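Undergrad: Attaching a single structure in C-alpha cells format; questions to follow.
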Amino acid sequence: MTITDPFTAPGHNRPTPSPAAVALAIQCRKAKTIADTAPTRFEQMPTPAATTAAGGEVQLVVRPKCLADWVRWTAELGCRDSRRMVHTGATTVCRFELDGVRARLIGVGVPALLAAAYGPKGTARV
C-alpha cells in the first residue's frame, strides 16, 4: 500500500505560508545555526555551555564555578542590563540578543554564588 501526500495529488495545492510563518522559520534556522556553532565559538570561556535552539531562540546553559566565570559570560554576551536578569531559585536567567536572534543565558548556581559573596541582604561579606 502506497501512502501519498494529499497536497501533492493533482488538483490540490499547498497553502502559501503566511509572512509570520516564513519569518519564524528563518529565525528558527538562524537560532539552530548559532546553537550548532556555539561550542566552537565560546570554547575559550571558563565553563562550557550546553546550547539548544527552539522557537527561534537560542539557550545557553552554564554552570559557573565562581562569580568571575559568570561575569565573564555576561560580559562576553553583552548582558549588562540587570533588569533583564531574573533569579529563579537555583538559576539566573539573562535575556539578550545574539547575532540578531533572541537568546537566554542560564547560569545554574549563580544565586548561591551571589549569596556567598554578598550575603542574603546584598551587603558585601567581610
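Simple scheme: letters A, B, ... for chains in C-alpha cells order, numbers from 1 for residues in each chain, numbers from 1 for ligands in the order shown.
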Once DSSP has gone over the backbone, tell me which residues of range 12-103 of chain A are in strand (DSSP E or B), as a PyMOL selection string.
TA: chain A and resi 50-54+57-62+85-88+91-98+101-103
Undergrad: Neighbours of Pro64 in chain A within 10 Å (only C-alpha atoms; same-chain residues fewer than 5 positions away dropped), as an mmCIF file with C-alpha atoms, in the first residue's frame?
TA:
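Heads up, here's the output in out_8.cif:
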```
data_model
loop_
_atom_site.group_PDB
_atom_site.id
_atom_site.type_symbol
_atom_site.label_atom_id
_atom_site.label_comp_id
_atom_site.auth_asym_id
_atom_site.auth_seq_id
_atom_site.Cartn_x
_atom_site.Cartn_y
_atom_site.Cartn_z
ATOM 1 C CA PRO A 46 35.781 29.332 31.566
ATOM 2 C CA THR A 47 32.921 26.829 31.625
ATOM 3 C CA PRO A 48 31.362 25.101 28.619
ATOM 4 C CA ALA A 49 27.792 25.957 27.630
ATOM 5 C CA ASP A 69 33.147 32.966 35.472
ATOM 6 C CA TRP A 70 29.599 34.369 35.484
ATOM 7 C CA VAL A 71 30.835 37.936 34.985
ATOM 8 C CA ARG A 72 32.920 36.794 32.034
ATOM 9 C CA TRP A 73 29.915 35.095 30.392
ATOM 10 C CA GLY A 107 23.512 30.351 34.981
ATOM 11 C CA VAL A 108 22.978 27.305 37.178
ATOM 12 C CA GLY A 109 24.061 28.018 40.749
ATOM 13 C CA VAL A 110 24.538 31.777 40.277
ATOM 14 C CA LEU A 113 27.399 32.272 44.318
#
```
Undergrad: Considering only C-alpha atoms, state which residue in the set A:Gly78, A:Gly119, A:Pro39, A:Gly55 is at the smallest distance from Ala25 in chain A.
TA: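 The closest residue to Ala25 in chain A is A:Gly55.
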Undergrad: Do you have the CA of Glu76 in chain A-CA of Gly89 in chain A distance handy?
TA: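 Distance reported for this atom pair: 24.0 Å.
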Undergrad: Can you tell me, as a PyMOL selection string, what residues are no more than 7 Å from His87 in chain A when counting only C-alpha atoms, ignoring any on the same chain fewer than 5 positions away?
TA: chain A and resi 92-93+111
Undergrad: Deliver the residues from the most recent selection as a file, using C-alpha atoms, as a PDB file, in the first residue's frame.
TA:
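The resulting file, out-v3.pdb, is shown below:
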```pdb
ATOM      1  CA  THR A  92      19.805  33.178  36.971  1.00  0.00           C
ATOM      2  CA  VAL A  93      18.349  33.840  33.523  1.00  0.00           C
ATOM      3  CA  PRO A 111      22.131  32.817  43.081  1.00  0.00           C
TER       4      PRO A 111
END
```
Undergrad: Could you check the closest approach to Ala68 in chain A for each of A:Met85, A:Cys94, A:Val22, A:Ala117 and tell me which residue wins, using only C-alpha atoms?
TA: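 For Ala68 in chain A, the nearest of the given residues is A:Ala117.
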Undergrad: Do you have the CA of Tyr118 in chain A-CA of Arg104 in chain A distance handy?
TA: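 So the answer is 24.4 Å.
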Undergrad: Measuring atom to atom with only C-alpha atoms, identify which of A:Ala90, A:Leu77, A:Leu105, A:Ala115 is nearest to Leu60 in chain A.
TA: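 Of all the options, A:Leu105 lies closest to Leu60 in chain A.
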Undergrad: So which one's closest to Ala31 in chain A, A:Met45, A:Cys79, A:Val101, A:Val61? Using only C-alpha atoms, please.
TA: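 Closest to Ala31 in chain A of all the choices is A:Val101.
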Undergrad: Go through A:Thr37, A:Pro19, A:Val86, A:Ala75 and flag the residue nearest Val58 in chain A, using only C-alpha atoms for the distances.
TA: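 Comparing A:Thr37, A:Pro19, A:Val86, A:Ala75 against Val58 in chain A, the winner is A:Thr37.
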Undergrad: What does the distance between CA of Thr33 in chain A and CA of Thr74 in chain A come to in Å, to one decimal place?
TA: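 So the answer is 21.0 Å.
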Undergrad: With distances taken over only C-alpha atoms, which of A:Ala35, A:Ala103, A:Leu24, A:Ala112 is nearest to Ala50 in chain A?
TA: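 Distance minimum relative to Ala50 in chain A lands on A:Ala35.
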